[in-house]
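Colleague: Once you've had a glance at the structure underneath, I'll fire off some questions.
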Amino acid sequence: MTVTNVYCQDKINFSAFTPTSLDQNKGTCFAYAATYTALTIKFAIKMEINSAQDINLNAFSSAFTASRIQSEKNFFKRLFTSCSIGGNIEKAAAVLVKYGAVPVSNQLCCYTIPKAELTLAANYAIKGYTTIIKIDTSREDFAKLMDVIKPYLLKKEPVICAIAQTESLRNNKDLIYQIKPEIDAKNDYKESNHAICVVGFDDTLNGGSLLIKNNYKSFGSNGLSWITYKDFNKYLSYAIILEDFVSTISDFPPIKKYDPSEIYK
């Protein structure tokens with residue numbers, strides 16, 4: 001089934017603004033998708049950062065976001081649960097609203113955030129976030145879901161999604177993903193247990209496909225893979241978008257510039 005295109009464009013791909021250098025740390029996919037991927041994309045587009053090295057240098061720390069979520073747990077939960085427990089993409093977005101974010105400096109799962117980082121993070125706070133899709137029990141028609149997602153993508157707004165990640169999706173090495181029912185259990189699709197970011201669509205590819213950025217360098221091609229609208233609907237649980245930064249371009253600290261004479265990790 002091909003989704004009827006009701007827009008002026010039948011495709012868009014802004015993966016060139018997507019950071020690629022780091023793997024997700026432990027189970028903090030919610031922080032990675034919202035902060036390291038989506039917020040970095042918004043910043044790179046806003047600041048017109050075109051170099052892949054400069055985008056990676058100015059990427060935002062998912063560890064900061066995960067650590068803020070962890071710090072707001074009560075004492076015993078902080079003591080006995082890791083940063084990967086109790087987080088989701090909405091909580092990650094709420095941190096970006098309340099605290100902002102910092103460029104990558106520490107990718108440990110949890111750490112004590114110094115005051116200087118909290119001050120710096122405030123420069124990159126966002127105005128809010130919006131939940132655009134929420135699926136509770138029954139699957140909605142995937143064409144309708146794409147009609148919700150695609151207008152944001154056309155505005156170069158990354159769409160952060162909570163999905164049920166199956167074994168075949170987790171271990172995908174292909175630029176164009178194919179579901180492998182022989183290794184995916186039926187109940188794999190029932191629980192939302194992972195977060196990714198959508199960075200493009202193409203109505204002409206396999207009847208319509210989304211380009212997703214997963215949180216591992218080993219995924220797809222440089223962390224990116226196309227998945228059909230119909231297949232993505234099997235995974236999707238809910239989706240959010242981030243609103244604009246509070247600060248204007250002139251208020252941001254100077255961006256880092258790649259210098260080949262320096263050594264970067």
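Identifiers for the structure tokens are assigned positionally: chains receive A, B, ... in sequence, residues are indexed from 1 per chain, and ligands are indexed from 1 in the order shown.
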When DSSP is applied to the backbone of this structure, which of stretch 22-232 of chain A are assigned strand (DSSP E or B)? Write them out as a ChimeraX atom specification.
Modeller: /A:60,103,126,129-134,159-163,176,194-202,209-213,221,224-228
Colleague: I need the residues from that last selection saved to file as a short mmCIF file (atom, residue, chain, number, x, y, z; two decimals), in the first residue's frame (with C-alpha atoms), if you can.
Modeller:
data_model
loop_
_atom_site.label_atom_id
_atom_site.label_comp_id
_atom_site.auth_asym_id
_atom_site.auth_seq_id
_atom_site.Cartn_x
_atom_site.Cartn_y
_atom_site.Cartn_z
CA PHE A 60 24.66 17.64 23.21
CA PRO A 103 27.77 20.00 24.61
CA ILE A 126 14.03 24.84 24.91
CA TYR A 129 7.81 19.92 23.79
CA THR A 130 4.66 18.48 22.22
CA THR A 131 3.39 14.91 22.19
CA ILE A 132 2.12 14.42 18.64
CA ILE A 133 1.23 10.71 18.68
CA LYS A 134 0.13 8.41 21.47
CA VAL A 159 10.55 13.40 15.56
CA ILE A 160 11.52 11.49 18.70
CA CYS A 161 9.72 8.15 18.98
CA ALA A 162 9.22 5.50 21.62
CA ILE A 163 9.09 2.13 19.93
CA ILE A 176 17.00 -0.44 4.16
CA HIS A 194 13.39 1.87 23.10
CA ALA A 195 13.73 5.41 21.72
CA ILE A 196 14.90 6.53 18.28
CA CYS A 197 14.71 9.68 16.16
CA VAL A 198 13.13 10.09 12.72
CA VAL A 199 15.16 12.34 10.41
CA GLY A 200 13.50 12.00 7.01
CA PHE A 201 10.89 10.36 4.80
CA ASP A 202 10.56 9.22 1.20
CA SER A 209 9.62 4.89 4.22
CA LEU A 210 10.97 6.80 7.20
CA LEU A 211 14.67 7.37 7.86
CA ILE A 212 15.46 6.59 11.48
CA LYS A 213 18.57 7.35 13.52
CA SER A 221 24.61 2.68 7.81
CA LEU A 224 20.72 5.27 9.96
CA SER A 225 18.20 3.00 8.26
CA TRP A 226 15.02 3.28 6.19
CA ILE A 227 11.89 1.49 7.41
CA THR A 228 8.54 1.40 5.62
#
Colleague: Applying 10 Å and only C-alpha atoms, which residues near A:Cys29 remain after dropping the ones on its own chain fewer than 3 positions away? List them as a ChimeraX atom specification.
Modeller: /A:23-26,32-36,62,66,84,87-89,92,162,193-196,214-216
Colleague: For the selection just defined, write its residues with C-alpha atoms to a file, as a compact mmCIF listing (two decimals), in the first residue's frame.
Modeller:
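Result file is part.txt:
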# COMPACT_ATOMS: atom_id res chain seq x y z
CA ASP A 23 27.18 5.03 20.84
CA GLN A 24 24.35 5.07 23.37
CA ASN A 25 25.66 4.64 26.92
CA LYS A 26 24.03 1.68 28.66
CA TYR A 32 20.30 9.85 23.51
CA ALA A 33 17.39 10.17 21.06
CA ALA A 34 16.08 13.42 22.56
CA THR A 35 19.33 15.16 23.42
CA TYR A 36 22.28 13.76 21.47
CA SER A 62 22.77 12.51 26.69
CA ALA A 66 20.08 11.07 32.08
CA SER A 84 18.39 3.55 32.47
CA GLY A 87 13.41 7.40 32.04
CA ASN A 88 11.42 8.09 28.87
CA ILE A 89 11.48 10.58 26.02
CA ALA A 92 14.16 13.73 28.70
CA ALA A 162 9.22 5.50 21.62
CA ASN A 193 11.20 -0.33 25.27
CA HIS A 194 13.39 1.87 23.10
CA ALA A 195 13.73 5.41 21.72
CA ILE A 196 14.90 6.53 18.28
CA ASN A 214 19.17 4.63 16.07
CA ASN A 215 21.57 4.98 18.96
CA TYR A 216 24.38 2.66 17.89
Colleague: Give me the residues near stretch 7-20 of chain A as a list in words, where near means some atom within 7 Å (using only C-alpha atoms) and where sequence neighbours in that chain fewer than 2 positions away do not count.
Modeller: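 Contacts, in chain order: Asn5, Leu22, Thr37, Ile41, Ala44, Ile45, Asn50, Ile55, Asn56, Ala59, Leu154, Lys156, Val199, Gly200, Phe201, Asp202, Asp203, Lys217, Asn222 and Gly223 of chain A.
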Colleague: Produce a file of the selected residues containing N, CA and C atoms, as an mmCIF file, in the first residue's frame.
Modeller:
data_model
loop_
_atom_site.group_PDB
_atom_site.id
_atom_site.type_symbol
_atom_site.label_atom_id
_atom_site.label_comp_id
_atom_site.auth_asym_id
_atom_site.auth_seq_id
_atom_site.Cartn_x
_atom_site.Cartn_y
_atom_site.Cartn_z
ATOM 1 N N ASN A 5 0.504 11.076 -1.245
ATOM 2 C CA ASN A 5 1.231 12.272 -0.854
ATOM 3 C C ASN A 5 0.336 13.507 -0.984
ATOM 4 N N LEU A 22 29.072 8.881 18.513
ATOM 5 C CA LEU A 22 28.999 8.180 19.802
ATOM 6 C C LEU A 22 27.909 7.114 19.837
ATOM 7 N N THR A 37 20.702 13.268 19.678
ATOM 8 C CA THR A 37 20.279 13.286 18.272
ATOM 9 C C THR A 37 19.391 14.491 17.958
ATOM 10 N N ILE A 41 20.479 18.087 16.201
ATOM 11 C CA ILE A 41 19.984 18.397 14.857
ATOM 12 C C ILE A 41 19.372 19.797 14.821
ATOM 13 N N ALA A 44 22.200 22.321 15.019
ATOM 14 C CA ALA A 44 23.018 22.371 13.809
ATOM 15 C C ALA A 44 22.284 23.082 12.671
ATOM 16 N N ILE A 45 20.991 22.818 12.542
ATOM 17 C CA ILE A 45 20.200 23.482 11.508
ATOM 18 C C ILE A 45 20.086 24.977 11.807
ATOM 19 N N ASN A 50 27.495 22.866 8.972
ATOM 20 C CA ASN A 50 27.437 21.922 7.851
ATOM 21 C C ASN A 50 28.499 20.834 7.899
ATOM 22 N N ILE A 55 29.537 19.236 13.718
ATOM 23 C CA ILE A 55 28.282 18.764 14.304
ATOM 24 C C ILE A 55 28.574 17.832 15.467
ATOM 25 N N ASN A 56 29.510 16.906 15.278
ATOM 26 C CA ASN A 56 29.863 15.995 16.364
ATOM 27 C C ASN A 56 30.489 16.728 17.548
ATOM 28 N N ALA A 59 27.667 18.402 19.503
ATOM 29 C CA ALA A 59 26.543 17.556 19.910
ATOM 30 C C ALA A 59 26.295 17.678 21.403
ATOM 31 N N LEU A 154 9.034 17.908 7.252
ATOM 32 C CA LEU A 154 9.199 18.892 6.182
ATOM 33 C C LEU A 154 9.702 20.228 6.712
ATOM 34 N N LYS A 156 11.941 20.292 8.935
ATOM 35 C CA LYS A 156 13.225 19.866 9.496
ATOM 36 C C LYS A 156 13.169 19.776 11.014
ATOM 37 N N VAL A 199 14.467 11.196 11.004
ATOM 38 C CA VAL A 199 15.163 12.340 10.408
ATOM 39 C C VAL A 199 14.889 12.482 8.910
ATOM 40 N N GLY A 200 13.838 11.838 8.417
ATOM 41 C CA GLY A 200 13.502 11.999 7.012
ATOM 42 C C GLY A 200 12.402 11.049 6.581
ATOM 43 N N PHE A 201 11.866 11.282 5.384
ATOM 44 C CA PHE A 201 10.889 10.359 4.803
ATOM 45 C C PHE A 201 11.032 10.381 3.291
ATOM 46 N N ASP A 202 10.527 9.326 2.665
ATOM 47 C CA ASP A 202 10.562 9.225 1.204
ATOM 48 C C ASP A 202 9.338 8.424 0.764
ATOM 49 N N ASP A 203 8.367 9.114 0.170
ATOM 50 C CA ASP A 203 7.137 8.450 -0.285
ATOM 51 C C ASP A 203 7.393 7.478 -1.429
ATOM 52 N N LYS A 217 26.366 3.060 16.588
ATOM 53 C CA LYS A 217 27.111 3.248 15.341
ATOM 54 C C LYS A 217 27.009 2.029 14.434
ATOM 55 N N ASN A 222 25.945 3.958 9.396
ATOM 56 C CA ASN A 222 26.266 5.094 10.271
ATOM 57 C C ASN A 222 25.117 5.434 11.217
ATOM 58 N N GLY A 223 24.432 4.395 11.690
ATOM 59 C CA GLY A 223 23.347 4.597 12.650
ATOM 60 C C GLY A 223 22.004 4.890 12.019
#
Colleague: Which residue gives the smallest distance to A:Asp141 among A:Asn233, A:Thr28, A:Pro254, A:Asp259, with only C-alpha atoms counted?
Modeller: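 Ranked by minimum distance to A:Asp141, first place goes to A:Asn233.
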Colleague: Atom CA of A:Ile183 to atom CA of A:Ala31: how many Å, to one decimal?
Modeller: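 Straight-line distance from atom CA of A:Ile183 to atom CA of A:Ala31 works out to 27.9 Å.
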Colleague: I'd like the neighbourhood of A:Leu118 as an NGL selection string, where a residue qualifies if any of its atoms comes within 10 Å (using only C-alpha atoms), though same-chain residues fewer than 5 positions away should be ignored.
Modeller: :A and (64 or 99-102 or 113 or 123)
Colleague: Write the residues of the preceding selection, restricted to N, CA, C and O atoms, as a PDB file, in the first residue's frame.
Modeller:
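Wrote selection.pdb, looks like this:
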ATOM      1  N   PHE A  64      24.199  14.134  30.458  1.00  0.00           N
ATOM      2  CA  PHE A  64      23.681  15.231  31.278  1.00  0.00           C
ATOM      3  C   PHE A  64      22.183  15.054  31.501  1.00  0.00           C
ATOM      4  O   PHE A  64      21.688  15.167  32.626  1.00  0.00           O
ATOM      5  N   TYR A  99      16.231  22.515  32.388  1.00  0.00           N
ATOM      6  CA  TYR A  99      17.660  22.717  32.635  1.00  0.00           C
ATOM      7  C   TYR A  99      18.463  23.074  31.389  1.00  0.00           C
ATOM      8  O   TYR A  99      19.546  23.647  31.495  1.00  0.00           O
ATOM      9  N   GLY A 100      17.981  22.672  30.211  1.00  0.00           N
ATOM     10  CA  GLY A 100      18.773  22.838  29.013  1.00  0.00           C
ATOM     11  C   GLY A 100      19.673  21.641  28.785  1.00  0.00           C
ATOM     12  O   GLY A 100      19.363  20.516  29.197  1.00  0.00           O
ATOM     13  N   ALA A 101      20.816  21.868  28.153  1.00  0.00           N
ATOM     14  CA  ALA A 101      21.733  20.779  27.819  1.00  0.00           C
ATOM     15  C   ALA A 101      23.136  21.341  27.691  1.00  0.00           C
ATOM     16  O   ALA A 101      23.325  22.548  27.566  1.00  0.00           O
ATOM     17  N   VAL A 102      24.124  20.435  27.716  1.00  0.00           N
ATOM     18  CA  VAL A 102      25.510  20.862  27.532  1.00  0.00           C
ATOM     19  C   VAL A 102      26.124  20.101  26.361  1.00  0.00           C
ATOM     20  O   VAL A 102      25.786  18.947  26.129  1.00  0.00           O
ATOM     21  N   ILE A 113      26.771  16.611  38.499  1.00  0.00           N
ATOM     22  CA  ILE A 113      26.900  17.727  37.565  1.00  0.00           C
ATOM     23  C   ILE A 113      27.421  18.965  38.292  1.00  0.00           C
ATOM     24  O   ILE A 113      26.809  19.442  39.255  1.00  0.00           O
ATOM     25  N   ASN A 123      21.829  27.953  28.703  1.00  0.00           N
ATOM     26  CA  ASN A 123      21.891  28.643  27.406  1.00  0.00           C
ATOM     27  C   ASN A 123      21.155  27.874  26.314  1.00  0.00           C
ATOM     28  O   ASN A 123      20.770  28.458  25.301  1.00  0.00           O
TER      29      ASN A 123
END
Colleague: To one decimal place, how far is atom CA of A:Ala116 from atom CA of A:Phe252 in Å?
Modeller: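 If I compute the distance from atom CA of A:Ala116 to atom CA of A:Phe252, I get 15.5 Å.
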Colleague: Enumerate as a PyMOL selection string all residues of stretch 32-199 of chain A assigned to helix (DSSP H, G or I) by DSSP on the backbone, naming them with the chain letters and numbers the document uses.
Modeller: chain A and resi 32-47+52-57+62-71+75-80+89-98+115-124+142-154+167-170+186-189
